[in-house]
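J.: Coordinates in entry30.cif, mmCIF, C-alpha atoms and all ligand atoms, are listed below.
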data_run
loop_
_atom_site.label_atom_id
_atom_site.label_comp_id
_atom_site.auth_asym_id
_atom_site.auth_seq_id
_atom_site.Cartn_x
_atom_site.Cartn_y
_atom_site.Cartn_z
CA MET E 275 0.00 0.00 0.00
CA THR E 276 1.28 3.44 -0.83
CA SER E 277 0.55 6.70 0.89
CA PRO E 278 -1.10 9.24 -1.45
CA HIS E 279 0.24 12.14 0.63
CA ALA E 280 3.81 10.91 1.12
CA ALA E 281 5.44 14.13 -0.11
CA LEU E 282 3.28 16.30 2.15
CA ILE E 283 3.90 14.03 5.16
CA ARG E 284 7.67 14.18 4.63
CA ALA E 285 7.62 17.96 4.28
CA LEU E 286 5.52 18.77 7.36
CA PRO E 287 7.23 19.67 10.64
CA LYS E 288 6.09 17.17 13.23
CA THR E 289 5.98 16.59 16.98
CA GLU E 290 6.24 13.36 18.87
CA LEU E 291 4.51 13.37 22.26
CA HIS E 292 4.35 9.68 23.14
CA LEU E 293 7.72 8.00 22.91
CA HIS E 294 9.37 5.74 25.47
CA ILE E 295 13.11 6.19 25.09
CA GLU E 296 13.67 2.59 26.23
CA GLY E 297 11.35 1.57 23.38
CA THR E 298 13.77 3.00 20.81
CA LEU E 299 16.45 0.44 21.65
CA GLU E 300 17.08 -1.27 18.32
CA PRO E 301 18.33 -4.88 18.41
CA GLU E 302 21.69 -3.87 16.88
CA LEU E 303 22.35 -1.37 19.67
CA MET E 304 21.07 -3.86 22.25
CA PHE E 305 23.76 -6.34 21.14
CA ASP E 306 26.45 -3.63 21.03
CA LEU E 307 25.64 -2.45 24.56
CA ALA E 308 25.45 -6.02 25.87
CA SER E 309 28.93 -6.71 24.56
CA ARG E 310 30.27 -3.35 25.79
CA ASN E 311 28.96 -4.17 29.27
CA GLY E 312 29.98 -7.83 29.29
CA LEU E 313 26.38 -9.07 29.37
CA SER E 314 24.89 -11.90 27.38
CA LEU E 315 21.45 -11.88 25.76
CA PRO E 316 19.25 -14.97 25.52
CA TYR E 317 19.24 -14.64 21.69
CA ALA E 318 21.88 -15.82 19.23
CA ASP E 319 21.73 -12.75 17.02
CA VAL E 320 19.78 -9.70 15.90
CA ALA E 321 17.54 -11.74 13.61
CA SER E 322 16.41 -14.14 16.32
CA LEU E 323 15.78 -11.25 18.71
CA ARG E 324 13.70 -9.46 16.10
CA ALA E 325 11.81 -12.69 15.44
CA ALA E 326 10.72 -12.68 19.10
CA TYR E 327 8.84 -9.39 18.55
CA ALA E 328 5.49 -11.08 17.96
CA PHE E 329 3.24 -9.91 20.75
CA ASP E 330 -0.22 -11.05 21.93
CA ASN E 331 -0.95 -8.07 24.14
CA LEU E 332 0.67 -5.29 26.20
CA GLN E 333 2.13 -7.63 28.84
CA SER E 334 3.90 -9.90 26.35
CA PHE E 335 5.60 -6.81 24.92
CA LEU E 336 6.49 -5.37 28.34
CA ASP E 337 8.25 -8.60 29.35
CA LEU E 338 10.65 -8.22 26.42
CA TYR E 339 10.93 -4.46 26.75
CA TYR E 340 12.07 -4.63 30.39
CA ALA E 341 14.48 -7.48 29.62
CA GLY E 342 15.96 -5.52 26.71
CA ALA E 343 16.52 -2.43 28.86
CA SER E 344 18.88 -4.40 31.10
CA VAL E 345 21.77 -3.73 28.69
CA LEU E 346 21.60 -0.02 29.61
CA VAL E 347 24.19 0.48 32.34
CA THR E 348 26.36 3.58 31.95
CA GLU E 349 25.54 7.23 31.36
CA GLN E 350 27.04 6.84 27.87
CA ASP E 351 24.61 3.97 27.16
CA PHE E 352 21.67 6.26 27.92
CA TYR E 353 23.26 8.99 25.82
CA ASP E 354 23.81 6.66 22.85
CA LEU E 355 20.24 5.32 23.09
CA THR E 356 18.76 8.81 23.12
CA TRP E 357 21.05 10.16 20.42
CA ALA E 358 20.18 7.29 18.07
CA TYR E 359 16.49 8.13 18.50
CA LEU E 360 17.10 11.84 17.92
CA LEU E 361 18.90 11.14 14.63
CA ARG E 362 15.88 9.04 13.54
CA ALA E 363 13.60 11.87 14.66
CA GLN E 364 15.51 14.34 12.53
CA ALA E 365 15.17 12.04 9.51
CA ASP E 366 11.38 12.06 10.07
CA HIS E 367 11.34 15.86 10.31
CA ILE E 368 10.33 15.83 13.97
CA VAL E 369 11.11 19.31 15.27
CA HIS E 370 9.88 18.81 18.83
CA THR E 371 9.73 15.65 20.93
CA GLU E 372 8.46 14.93 24.45
CA ILE E 373 9.96 11.68 25.60
CA PHE E 374 9.21 9.34 28.49
CA PHE E 375 11.83 7.61 30.55
CA ASP E 376 11.08 4.88 33.10
CA PRO E 377 13.57 5.38 35.98
CA GLN E 378 12.23 2.40 37.94
CA THR E 379 13.19 0.01 35.13
CA HIS E 380 16.78 0.97 35.87
CA THR E 381 16.91 1.84 39.58
CA GLU E 382 15.37 -1.60 40.30
CA ARG E 383 18.53 -3.08 38.71
CA GLY E 384 20.84 -0.92 40.82
CA ILE E 385 21.49 1.81 38.21
CA ALA E 386 21.59 5.28 39.80
CA PHE E 387 18.80 7.71 38.90
CA GLU E 388 21.50 10.27 38.12
CA THR E 389 23.17 7.98 35.55
CA VAL E 390 19.90 7.60 33.66
CA ILE E 391 18.78 11.21 33.60
CA THR E 392 22.22 12.69 32.94
CA GLY E 393 22.79 10.54 29.85
CA ILE E 394 19.35 11.25 28.40
CA ARG E 395 19.53 14.97 29.18
CA ARG E 396 22.95 15.41 27.61
CA ALA E 397 21.66 13.93 24.34
CA LEU E 398 18.54 16.14 24.41
CA ASP E 399 20.70 19.22 25.00
CA ASP E 400 23.03 18.27 22.14
CA ALA E 401 20.01 17.75 19.86
CA ARG E 402 18.76 21.24 20.60
CA ARG E 403 22.10 22.70 19.54
CA GLN E 404 23.20 20.32 16.78
CA LEU E 405 19.93 19.10 15.25
CA GLY E 406 17.56 21.98 16.05
CA ILE E 407 15.16 19.59 17.82
CA SER E 408 13.47 20.93 20.96
CA SER E 409 12.31 18.54 23.64
CA ARG E 410 10.73 17.89 27.01
CA LEU E 411 11.50 15.01 29.36
CA ILE E 412 8.68 13.15 31.16
CA MET E 413 9.42 10.84 34.09
CA SER E 414 7.00 7.94 33.93
CA PHE E 415 5.99 5.79 36.90
CA LEU E 416 5.48 2.06 36.43
CA ARG E 417 1.88 1.31 37.42
CA HIS E 418 2.53 -2.39 38.15
CA MET E 419 4.72 -1.20 41.03
CA SER E 420 3.39 0.11 44.34
CA GLU E 421 2.42 3.62 45.32
CA ALA E 422 5.28 3.53 47.87
CA ALA E 423 7.78 2.68 45.12
CA GLY E 424 6.44 5.64 43.14
CA PHE E 425 6.99 7.97 46.10
CA GLN E 426 10.54 6.62 46.50
CA THR E 427 11.22 7.42 42.84
CA LEU E 428 9.82 10.91 43.29
CA GLU E 429 12.24 11.40 46.21
CA GLN E 430 15.16 10.24 44.04
CA ALA E 431 14.03 12.69 41.36
CA LYS E 432 13.96 15.71 43.65
CA PRO E 433 17.58 16.84 43.06
CA PHE E 434 16.86 16.72 39.30
CA LEU E 435 13.47 18.43 39.14
CA SER E 436 14.85 21.27 37.03
CA GLN E 437 15.58 18.65 34.34
CA ILE E 438 12.15 17.00 34.48
CA ASP E 439 9.28 18.66 32.62
CA GLY E 440 6.41 16.43 33.75
CA VAL E 441 5.36 12.99 34.94
CA GLY E 442 3.52 10.08 33.33
CA LEU E 443 2.12 6.65 34.14
CA ASP E 444 2.80 3.54 32.06
CA SER E 445 3.26 -0.26 32.10
CA SER E 446 0.56 -2.92 32.69
CA GLU E 447 -2.77 -1.12 32.60
CA GLN E 448 -5.42 -3.72 33.49
CA GLY E 449 -5.78 -4.04 37.26
CA HIS E 450 -3.66 -0.93 37.93
CA PRO E 451 -6.15 1.94 37.64
CA PRO E 452 -5.10 5.57 37.87
CA SER E 453 -6.77 5.77 41.32
CA LYS E 454 -3.83 3.72 42.69
CA PHE E 455 -1.62 6.78 42.10
CA GLN E 456 -3.93 9.61 43.11
CA ARG E 457 -1.79 10.68 46.09
CA LEU E 458 1.47 10.37 44.13
CA PHE E 459 0.13 12.55 41.33
CA ALA E 460 -1.18 15.07 43.88
CA ALA E 461 2.39 15.29 45.24
CA CYS E 462 3.71 15.82 41.70
CA ARG E 463 1.13 18.52 41.13
CA ALA E 464 2.20 20.25 44.35
CA LEU E 465 5.75 20.30 42.93
CA GLY E 466 4.44 22.07 39.82
CA LEU E 467 4.88 19.08 37.49
CA PRO E 468 2.40 18.71 34.60
CA ARG E 469 0.87 15.25 34.42
CA VAL E 470 -0.07 12.76 31.70
CA ALA E 471 -1.12 9.11 31.96
CA HIS E 472 -1.56 6.07 29.74
CA ALA E 473 -5.25 5.21 29.89
CA GLY E 474 -7.75 3.49 27.63
CA GLU E 475 -5.08 1.51 25.74
CA GLU E 476 -6.19 -1.92 27.04
CA GLY E 477 -8.09 -0.55 30.03
CA PRO E 478 -11.72 0.63 29.97
CA PRO E 479 -13.03 4.17 29.50
CA ALA E 480 -13.45 4.32 33.30
CA TYR E 481 -9.65 4.49 33.56
CA VAL E 482 -9.64 7.53 31.26
CA TRP E 483 -12.20 9.24 33.49
CA GLU E 484 -10.04 8.41 36.53
CA ALA E 485 -6.93 9.84 34.89
CA LEU E 486 -8.83 13.06 34.18
CA GLU E 487 -10.65 13.38 37.48
CA LEU E 488 -8.19 11.90 39.99
CA LEU E 489 -4.78 12.57 38.41
CA ASP E 490 -5.69 15.89 36.77
CA VAL E 491 -3.77 15.07 33.60
CA CYS E 492 -3.36 17.44 30.66
CA ARG E 493 -3.08 14.64 28.06
CA ILE E 494 -4.23 11.05 27.75
CA ASP E 495 -1.69 8.61 26.30
CA HIS E 496 -3.44 6.22 23.88
CA GLY E 497 -7.06 6.71 25.01
CA VAL E 498 -8.44 4.84 22.00
CA ARG E 499 -10.99 2.94 24.11
CA SER E 500 -12.62 6.29 24.95
CA ALA E 501 -14.67 5.65 21.82
CA GLU E 502 -16.75 3.15 23.84
CA ASP E 503 -18.15 5.95 26.04
CA ALA E 504 -20.15 8.68 24.30
CA ALA E 505 -20.15 11.01 27.29
CA LEU E 506 -16.38 10.71 27.58
CA MET E 507 -15.94 11.44 23.87
CA ALA E 508 -18.07 14.57 24.22
CA TRP E 509 -16.03 15.72 27.24
CA LEU E 510 -12.69 15.11 25.48
CA ALA E 511 -13.86 17.02 22.41
CA GLU E 512 -15.30 19.92 24.38
CA HIS E 513 -12.09 20.37 26.38
CA ARG E 514 -9.73 19.65 23.46
CA MET E 515 -8.05 17.13 25.76
CA PRO E 516 -5.26 15.62 23.65
CA LEU E 517 -4.96 11.89 22.99
CA THR E 518 -1.47 10.71 22.02
CA VAL E 519 -2.47 7.89 19.69
CA CYS E 520 0.04 5.24 18.53
CA PRO E 521 -1.45 3.21 15.66
CA TYR E 522 1.47 0.84 14.96
CA SER E 523 1.68 0.07 18.68
CA ASN E 524 -2.06 -0.64 18.83
CA VAL E 525 -1.82 -3.15 15.98
CA LYS E 526 1.33 -4.85 17.33
CA LEU E 527 -0.29 -5.22 20.77
CA LYS E 528 -3.60 -6.34 19.25
CA VAL E 529 -5.74 -3.45 20.45
CA PHE E 530 -6.84 -3.40 16.78
CA GLN E 531 -6.30 -6.41 14.51
CA ARG E 532 -5.31 -4.39 11.44
CA LEU E 533 -4.30 -0.80 10.79
CA SER E 534 -7.40 -0.45 8.62
CA ASP E 535 -9.52 -1.23 11.73
CA HIS E 536 -8.03 1.65 13.74
CA ASN E 537 -10.47 4.26 15.06
CA LEU E 538 -8.15 7.23 14.40
CA ARG E 539 -10.51 8.79 11.85
CA ALA E 540 -13.54 8.37 14.10
CA LEU E 541 -11.68 10.11 16.95
CA LEU E 542 -10.75 12.97 14.63
CA ALA E 543 -14.29 13.19 13.25
CA ALA E 544 -15.60 13.50 16.82
CA GLY E 545 -13.48 16.64 17.21
CA LEU E 546 -10.84 15.22 19.52
CA CYS E 547 -7.31 16.63 19.62
CA VAL E 548 -5.72 13.44 18.30
CA THR E 549 -1.96 13.31 17.76
CA LEU E 550 0.13 10.62 16.03
CA ASN E 551 3.09 8.98 17.78
CA SER E 552 5.29 5.89 17.65
CA ASP E 553 5.36 4.72 21.33
CA ASP E 554 8.14 2.06 21.15
CA PRO E 555 9.30 2.21 17.54
CA ALA E 556 12.13 -0.32 17.83
CA TYR E 557 9.59 -2.96 18.90
CA PHE E 558 6.55 -1.97 16.85
CA GLY E 559 8.00 -1.88 13.35
CA GLY E 560 8.00 1.81 12.61
CA TYR E 561 8.97 5.32 13.63
CA LEU E 562 6.72 8.38 13.48
CA GLN E 563 6.78 8.90 9.74
CA ASP E 564 5.95 5.23 9.21
CA ASN E 565 2.87 5.75 11.39
CA TYR E 566 1.81 8.72 9.24
CA LEU E 567 2.46 6.94 5.94
CA GLY E 568 0.89 3.69 7.13
CA CYS E 569 -2.28 5.38 8.40
CA ASP E 570 -2.56 7.48 5.27
CA ALA E 571 -2.49 4.32 3.16
CA ALA E 572 -4.63 2.06 5.38
CA LEU E 573 -7.26 4.60 6.45
CA ASN E 574 -7.43 6.81 3.35
CA LEU E 575 -6.77 9.94 5.36
CA THR E 576 -7.67 13.21 3.71
CA ARG E 577 -5.17 15.99 3.25
CA ASP E 578 -7.09 18.02 5.84
CA GLU E 579 -6.95 15.19 8.35
CA LEU E 580 -3.18 14.93 7.93
CA LEU E 581 -2.74 18.66 8.40
CA GLN E 582 -5.03 18.49 11.43
CA LEU E 583 -2.94 15.70 12.98
CA THR E 584 0.27 17.71 12.65
CA ARG E 585 -1.43 20.87 13.94
CA ASN E 586 -2.82 18.93 16.89
CA GLY E 587 0.70 17.78 17.74
CA PHE E 588 1.84 21.34 18.29
CA GLU E 589 -1.39 22.35 20.05
CA ALA E 590 -1.01 19.42 22.49
CA SER E 591 2.71 20.01 23.10
CA TRP E 592 4.29 21.84 26.01
CA LEU E 593 5.95 24.38 23.72
CA ASP E 594 5.29 28.00 24.61
CA ALA E 595 2.73 30.01 22.67
CA ALA E 596 5.29 31.74 20.43
CA ASP E 597 6.85 28.44 19.33
CA LYS E 598 3.42 26.94 18.74
CA ALA E 599 2.46 29.91 16.56
CA HIS E 600 5.73 29.62 14.64
CA TRP E 601 5.17 25.96 13.78
CA GLN E 602 1.48 26.41 12.97
CA ALA E 603 2.51 29.11 10.48
CA GLU E 604 5.11 26.76 9.04
CA ILE E 605 2.44 24.08 8.53
CA ASP E 606 0.23 26.67 6.76
CA ARG E 607 3.14 27.67 4.55
CA ILE E 608 3.92 24.07 3.52
CA ALA E 609 0.23 23.29 3.02
CA GLY E 610 0.04 26.33 0.68
CA GLN E 611 3.13 25.25 -1.26
CA GLN E 612 1.94 21.68 -1.64
CA GLY E 613 -1.60 22.80 -2.42
O1 LIG E 701 2.32 1.42 25.20
C1 LIG E 701 2.67 1.26 26.38
N1 LIG E 701 1.74 1.08 27.32
C2 LIG E 701 2.07 0.91 28.59
N2 LIG E 701 3.32 0.89 29.02
C3 LIG E 701 4.30 1.06 28.14
N3 LIG E 701 5.62 1.11 28.32
C4 LIG E 701 6.17 1.30 27.13
N4 LIG E 701 5.22 1.36 26.19
C5 LIG E 701 4.02 1.24 26.80
ZN ZN E 702 3.29 4.27 25.68
#
I'd like the structure from this file rewritten - as structure tokens, please.
Ligand code: HPA
Ligand SMILES: [Zn+2]
T.:
Amino acid sequence: MTSPHAALIRALPKTELHLHIEGTLEPELMFDLASRNGLSLPYADVASLRAAYAFDNLQSFLDLYYAGASVLVTEQDFYDLTWAYLLRAQADHIVHTEIFFDPQTHTERGIAFETVITGIRRALDDARRQLGISSRLIMSFLRHMSEAAGFQTLEQAKPFLSQIDGVGLDSSEQGHPPSKFQRLFAACRALGLPRVAHAGEEGPPAYVWEALELLDVCRIDHGVRSAEDAALMAWLAEHRMPLTVCPYSNVKLKVFQRLSDHNLRALLAAGLCVTLNSDDPAYFGGYLQDNYLGCDAALNLTRDELLQLTRNGFEASWLDAADKAHWQAEIDRIAGQQG
């Protein structure tokens, strides 16, 4: 299948607002880091590792994703991981990215919080200067862990708060509702940290309501199951509450069987502030531009829908108003040129 708007998609400046940096660890780099750190992987080579990326659901992916992250040990490892993603982002004409990191995945293995954040930050700072990509960094709590573990992580983060732009909530959704972290998110709010949460990926619309009402989030990550609740859809549309939708992820984790089954167009048609994102591109078979091209081909997106998706990305971002206006004007200019 080919994308009828490929040239427009390539030309448009784009944001990425739902990207787990640990999910950008390509098999080749995983093997390089394993050997650099004297670790062995339970796979003979890159091809057999890649062959294991056949998932039934979120949990089957997470098991591999956490195992893969164990090759990340030194500050340079976190730098190299982040830099590799940023080079891919530049190739996709991403001009602004807001990335998640999962400190608990690493501190649980005895890696210092400082090692993780310093390596990631240094790459983000270099990207600003060398690649012209702006960014924000979102510390995400693992929801399969306890509230107490989340508070411990927040304590560890306190010396680095000036380097953290917000907090998120990810990992196994079913059975770990947002309400479990109401007090933790209230503490983050008291520290002035903006909040987002994964909700309505595998979990029910009730989890999206909880994220909104109990965690006071300013974006919903995924949120595709909101479509099952008409009142929720109306609320999301009325408040222009962004959903960071990740179509390739949803197909790989069997939220939708095929890309052509995805409800992206229905969400847009309902007036929601839908954005397109890649989630864990090294595991899900495509980076941001692949998500755009794939959806264009599979869902027959209109030119207006594509422009709306890129506009929504800037609207939903944490850029300041002047930067948002700059990029919206740039989208208008390119839309005019490619009319
Ligand atoms: O898509 C996701 N959902 C929940 N947790 C995650 N951690 C990485 N990616 C994801
Ligand atoms: Zn995610």
J.: Of the candidates E:Asp495, E:Asp490, E:Asp439, E:Glu296, which shows the shortest atom-to-atom distance to ligand ZN 702 (chain E), using only C-alpha atoms and all ligand atoms?
T.: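 Under the stated criterion, the closest residue is E:Asp495.
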J.: With all atoms listed in the file as the basis for distance, which of E:Ala386, E:Ala505, E:Ala473, E:Met419 is at the shortest distance from ligand LIG 701 (chain E)?
T.: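 Once distances to ligand LIG 701 (chain E) are computed over all atoms listed in the file, the minimum belongs to E:Ala473.
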J.: What does the list of residues within 12 Å of ligand ZN 702 (chain E) look like if you count only C-alpha atoms and all ligand atoms, written as a VMD selection string?
T.: chain E and resid 290 to 298 332 335 to 336 339 372 to 376 412 414 to 416 442 to 447 470 to 476 494 to 497 517 to 524 527 550 to 555 557 to 558
J.: Calculated over all atoms listed in the file, which of the candidates E:Leu465, E:Ala556, E:Leu313, E:Pro516 has the smallest distance to ligand LIG 701 (chain E)?
T.: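 Of E:Leu465, E:Ala556, E:Leu313, E:Pro516, the one nearest ligand LIG 701 (chain E) is E:Ala556, counting all atoms listed in the file.
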J.: Closest to ligand LIG 701 (chain E) among E:Leu562, E:Leu338, E:Leu567, E:Leu467, using all atoms listed in the file?
T.: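 So, comparing all the options, the nearest one is E:Leu338.
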J.: Measuring between only C-alpha atoms and all ligand atoms, which one of E:Thr392, E:Thr289, E:Gln448, E:Thr549 shows the shortest distance to ligand LIG 701 (chain E)?
T.: E:Gln448
J.: Between E:Ser436, E:Ser277, E:Ser314, E:Gln333, which residue has the minimum interatomic distance to ligand LIG 701 (chain E), considering all atoms listed in the file?
T.: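 So, comparing all the options, the nearest one is E:Gln333.
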J.: Between CA of Ser500 (chain E) and CA of Leu533 (chain E), what is the spacing in Å?
T.: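 Answer for the CA of Leu533 (chain E) to CA of Ser500 (chain E) separation: 17.9 Å.
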J.: Counting all atoms listed in the file, what is within 9 Å of region 360-365 of chain E, bar same-chain residues fewer than 4 positions away, as a PyMOL selection string?
T.: chain E and resi 290+355-356+369-371+397-398+401+405-407+561-563
J.: What's the separation between CA of Ala281 (chain E) and CA of Leu542 (chain E), in Å to one decimal place?
T.: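 Those two atoms sit 21.9 Å apart.
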